[in-house]
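Chemist: Below you'll find target-v4.txt; it's compact mmCIF, C-alpha atoms.
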# COMPACT_ATOMS: atom_id res chain seq x y z
CA MET F 1403 209.12 147.60 -118.44
CA ILE F 1404 209.97 144.40 -120.33
CA GLU F 1405 213.47 144.07 -121.77
CA ILE F 1406 214.45 141.38 -124.29
CA LYS F 1407 217.93 139.91 -123.66
CA LYS F 1408 219.91 137.05 -125.13
CA LEU F 1409 220.09 134.08 -122.72
CA ASP F 1410 223.42 132.49 -121.88
CA LYS F 1411 223.30 128.81 -122.93
CA GLU F 1412 225.39 127.57 -120.02
CA ALA F 1413 223.39 129.49 -117.42
CA TYR F 1414 220.03 128.25 -118.77
CA LYS F 1415 220.91 124.74 -120.03
CA GLY F 1416 218.33 122.35 -118.60
CA TYR F 1417 216.24 125.23 -117.21
CA SER F 1418 212.84 123.65 -116.75
CA ILE F 1419 209.57 125.49 -117.24
CA ASP F 1420 205.95 124.55 -116.81
CA GLY F 1421 204.70 125.12 -120.34
CA SER F 1422 201.13 124.10 -119.54
CA TYR F 1423 198.50 126.01 -121.47
CA VAL F 1424 194.76 126.51 -121.50
CA SER F 1425 192.79 125.59 -124.61
CA ASP F 1426 189.32 126.88 -125.44
CA GLY F 1427 188.94 124.50 -128.37
CA CYS F 1428 190.78 122.82 -131.19
CA TYR F 1429 191.13 122.72 -134.92
CA ASP F 1430 189.72 119.33 -135.85
CA ALA F 1431 191.38 117.61 -138.79
CA VAL F 1432 188.87 116.76 -141.51
CA ARG F 1433 190.02 114.59 -144.40
CA GLU F 1434 189.12 115.77 -147.87
CA GLU F 1435 189.70 113.97 -151.16
CA MET F 1436 193.44 114.75 -151.45
CA GLY F 1437 194.02 116.98 -148.48
CA MET F 1438 192.96 118.21 -145.10
CA ALA F 1439 190.81 120.94 -143.69
CA PHE F 1440 190.90 122.19 -140.13
CA ARG F 1441 187.71 123.42 -138.50
CA PHE F 1442 187.61 125.10 -135.12
CA ALA F 1443 185.43 123.45 -132.46
CA ALA F 1444 185.05 125.11 -129.06
CA PHE F 1445 185.35 123.00 -125.93
CA PRO F 1446 182.40 123.18 -123.50
CA GLU F 1447 184.90 124.21 -120.78
CA PRO F 1448 188.51 125.39 -121.15
CA VAL F 1449 190.99 122.51 -120.85
CA VAL F 1450 194.44 122.70 -119.23
CA LYS F 1451 197.07 120.90 -121.31
CA PRO F 1452 200.13 119.88 -119.23
CA LEU F 1453 203.56 120.44 -120.74
CA ARG F 1454 207.06 120.49 -119.25
CA VAL F 1455 209.88 122.08 -121.26
CA SER F 1456 213.62 121.89 -120.66
CA LEU F 1457 215.79 124.48 -122.39
CA PHE F 1458 218.61 123.79 -124.81
CA GLU F 1459 217.64 120.20 -125.52
CA GLN F 1460 220.27 117.97 -127.12
CA TRP F 1461 218.37 117.69 -130.42
CA LEU F 1462 218.85 121.38 -131.22
CA SER F 1463 221.89 122.34 -133.27
CA ASP F 1464 223.56 125.47 -131.84
CA PRO F 1465 220.39 126.97 -130.30
CA VAL F 1466 219.91 130.61 -129.43
CA ALA F 1467 217.44 131.94 -126.85
CA PHE F 1468 216.08 135.28 -125.77
CA GLY F 1469 214.34 136.12 -122.53
CA ALA F 1470 211.78 138.77 -121.71
CA PHE F 1471 212.78 140.26 -118.37
CA ASP F 1472 210.69 142.31 -115.98
CA GLY F 1473 213.57 143.65 -113.93
CA GLU F 1474 215.43 140.49 -112.89
CA ARG F 1475 212.40 138.20 -113.39
CA LEU F 1476 212.27 136.01 -116.50
CA ALA F 1477 208.72 136.61 -117.77
CA GLY F 1478 209.06 134.69 -121.03
CA LEU F 1479 211.48 133.15 -123.46
CA VAL F 1480 211.94 131.94 -127.01
CA VAL F 1481 214.41 129.36 -128.35
CA GLY F 1482 215.38 128.52 -131.91
CA SER F 1483 218.13 127.26 -134.17
CA VAL F 1484 219.17 127.13 -137.80
CA GLU F 1485 218.22 124.01 -139.75
CA GLY F 1486 221.26 124.03 -142.03
CA TRP F 1487 220.12 121.30 -144.39
CA ASN F 1488 217.21 123.40 -145.71
CA ASN F 1489 218.20 126.93 -144.62
CA ARG F 1490 215.23 127.38 -142.32
CA PHE F 1491 215.16 128.57 -138.73
CA ARG F 1492 213.25 126.34 -136.28
CA LEU F 1493 211.48 128.20 -133.47
CA SER F 1494 211.45 125.33 -131.00
CA ASP F 1495 210.06 126.86 -127.80
CA ILE F 1496 208.19 129.96 -126.77
CA TYR F 1497 206.82 130.45 -123.30
CA ILE F 1498 205.30 133.32 -121.36
CA GLU F 1499 204.69 133.12 -117.59
CA HIS F 1500 200.94 132.99 -116.92
CA GLU F 1501 200.69 136.42 -115.28
CA TYR F 1502 202.51 138.04 -118.24
CA ARG F 1503 200.30 136.60 -121.00
CA HIS F 1504 198.18 138.86 -123.22
CA MET F 1505 200.60 141.77 -122.78
CA GLY F 1506 202.33 141.56 -126.19
CA ILE F 1507 205.44 139.80 -124.86
CA GLY F 1508 204.99 136.82 -127.20
CA GLY F 1509 204.97 139.14 -130.20
CA LYS F 1510 208.14 140.87 -128.99
CA LEU F 1511 209.92 137.55 -128.52
CA ILE F 1512 208.77 136.32 -131.93
CA SER F 1513 210.01 139.55 -133.54
CA ARG F 1514 213.41 139.10 -131.88
CA ILE F 1515 213.82 135.47 -132.97
CA VAL F 1516 212.69 136.36 -136.52
CA GLU F 1517 215.36 139.08 -136.55
CA GLU F 1518 217.92 136.43 -135.47
CA ALA F 1519 216.77 134.16 -138.32
CA ARG F 1520 217.18 137.00 -140.83
CA GLN F 1521 220.65 137.79 -139.50
CA SER F 1522 221.51 134.09 -139.92
CA GLY F 1523 220.54 134.29 -143.59
CA CYS F 1524 217.64 131.85 -143.27
CA ARG F 1525 214.88 131.86 -145.85
CA MET F 1526 212.04 131.02 -143.46
CA VAL F 1527 211.08 130.56 -139.80
CA VAL F 1528 209.08 127.43 -138.96
CA LEU F 1529 207.48 126.11 -135.80
CA GLU F 1530 205.33 123.26 -134.57
CA THR F 1531 202.24 123.40 -132.40
CA GLN F 1532 199.23 121.21 -131.72
CA SER F 1533 195.78 121.66 -133.20
CA CYS F 1534 194.41 122.06 -129.66
CA ASN F 1535 196.69 125.01 -128.80
CA ASN F 1536 194.27 127.56 -130.23
CA ARG F 1537 195.68 130.54 -128.32
CA ALA F 1538 199.20 129.90 -129.62
CA ILE F 1539 197.82 129.45 -133.14
CA ALA F 1540 196.11 132.85 -132.87
CA CYS F 1541 199.40 134.42 -131.71
CA TYR F 1542 201.40 132.87 -134.55
CA ARG F 1543 198.85 133.93 -137.16
CA ALA F 1544 198.76 137.48 -135.72
CA ASN F 1545 202.56 137.57 -136.15
CA GLY F 1546 202.44 136.61 -139.84
CA PHE F 1547 202.83 132.83 -139.68
CA GLU F 1548 200.69 130.63 -141.91
CA LEU F 1549 199.85 126.94 -141.83
CA ILE F 1550 202.36 125.09 -144.04
CA GLY F 1551 201.71 121.47 -143.11
CA CYS F 1552 200.46 118.87 -140.68
CA ASP F 1553 201.27 115.39 -139.40
CA LEU F 1554 198.25 113.37 -138.36
CA TYR F 1555 200.31 110.79 -136.46
CA SER F 1556 203.35 112.64 -135.12
CA TYR F 1557 202.76 111.95 -131.42
CA SER F 1558 200.70 108.73 -131.54
CA ASN F 1559 198.50 106.67 -133.83
CA SER F 1560 195.43 108.35 -132.32
CA ASP F 1561 196.33 112.05 -132.62
CA ILE F 1562 193.15 112.81 -134.59
CA GLU F 1563 190.96 111.21 -131.93
CA LYS F 1564 192.94 112.94 -129.16
CA ARG F 1565 192.49 116.24 -131.06
CA GLU F 1566 196.24 116.90 -130.90
CA VAL F 1567 197.40 116.91 -134.50
CA ARG F 1568 200.84 118.39 -135.19
CA LEU F 1569 200.59 121.61 -137.18
CA GLU F 1570 203.55 123.32 -138.85
CA PHE F 1571 203.48 127.08 -139.30
CA GLY F 1572 205.94 129.12 -141.33
CA LEU F 1573 206.93 132.68 -142.04
CA LYS F 1574 208.83 133.45 -145.27
CA LEU F 1575 211.68 135.91 -144.85
CA ASP F 1576 212.83 138.47 -147.41
Represent the structure contained in this file as structure tokens.

Modeler:
Amino acid sequence: MIEIKKLDKEAYKGYSIDGSYVSDGCYDAVREEMGMAFRFAAFPEPVVKPLRVSLFEQWLSDPVAFGAFDGERLAGLVVGSVEGWNNRFRLSDIYIEHEYRHMGIGGKLISRIVEEARQSGCRMVVLETQSCNNRAIACYRANGFELIGCDLYSYSNSDIEKREVRLEFGLKLD
């Protein structure tokens, strides 16, 4: 049985995880007259996208994290913090161990961090992902998030060609 617990910042500071993910395709950015459209294109073969994440990075202001535990084993986690200047809550990291994926743990962690954002008095939860992380996009959309913006050149000047455009998703809170 999975139990969601708050993570101690000192105990998990610098905790490194392999956040690599598998992508079946991407949402290609297509320029329109005064905007963008994103169209899904399947990859011929699934692609592994490497990613290394270190918890409680310096750029976060007073972060909070929750872990999904299977007994003593950390099966997944979520990290976020209040963006005081605009009263939003930034979900900065979410990760589920490979063998625990597709079991609803991501949804439970998202629900818990959304609850934290509400308790903090934030008006919205926002997060960033890449246009090639189609499985994460599906999870966010299933949990009520909607596309609220994009940055065509966030990571490099060739993000469109690399099919890794930064997408921002948001969830308005009551």

Chemist: Measuring atom to atom with only C-alpha atoms, identify which of F:His1500, F:Arg1514, F:Arg1490, F:Arg1537 is nearest to Leu1573 in chain F.

Modeler: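 Counting only C-alpha atoms, the residue closest to Leu1573 in chain F is F:Arg1490.
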
Chemist: Around the point (197.6, 124.1, -145.9), in the coordinates given by the file, pick out the residues reaching within 10 Å, counting all atoms listed in the file, and return them as a ChimeraX atom specification.

Modeler: /F:1437-1440,1548-1552,1569-1571

Chemist: If you measure from CA of Gly1482 in chain F to CA of Asp1430 in chain F, what distance in Å do you get, rounded to one decimal?

Modeler: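 It comes out at 27.5 Å.
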
Chemist: What is the CA of Arg1492 in chain F-CA of Ala1443 in chain F distance in Å, reported with one decimal?

Modeler: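 Between CA of Arg1492 in chain F and CA of Ala1443 in chain F the gap works out to 28.2 Å.
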
Chemist: Could you check how far CA of Pro1465 in chain F sits from CA of Tyr1557 in chain F, in Å to one decimal?

Modeler: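 Computing the Euclidean distance for CA of Pro1465 in chain F and CA of Tyr1557 in chain F yields 23.2 Å.
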
Chemist: Which one is closest to Tyr1429 in chain F: F:Cys1534, F:Ala1544, F:Leu1529, F:Val1484? Count only C-alpha atoms.

Modeler: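 Answer, going by the shortest atom-to-atom distance: F:Cys1534.
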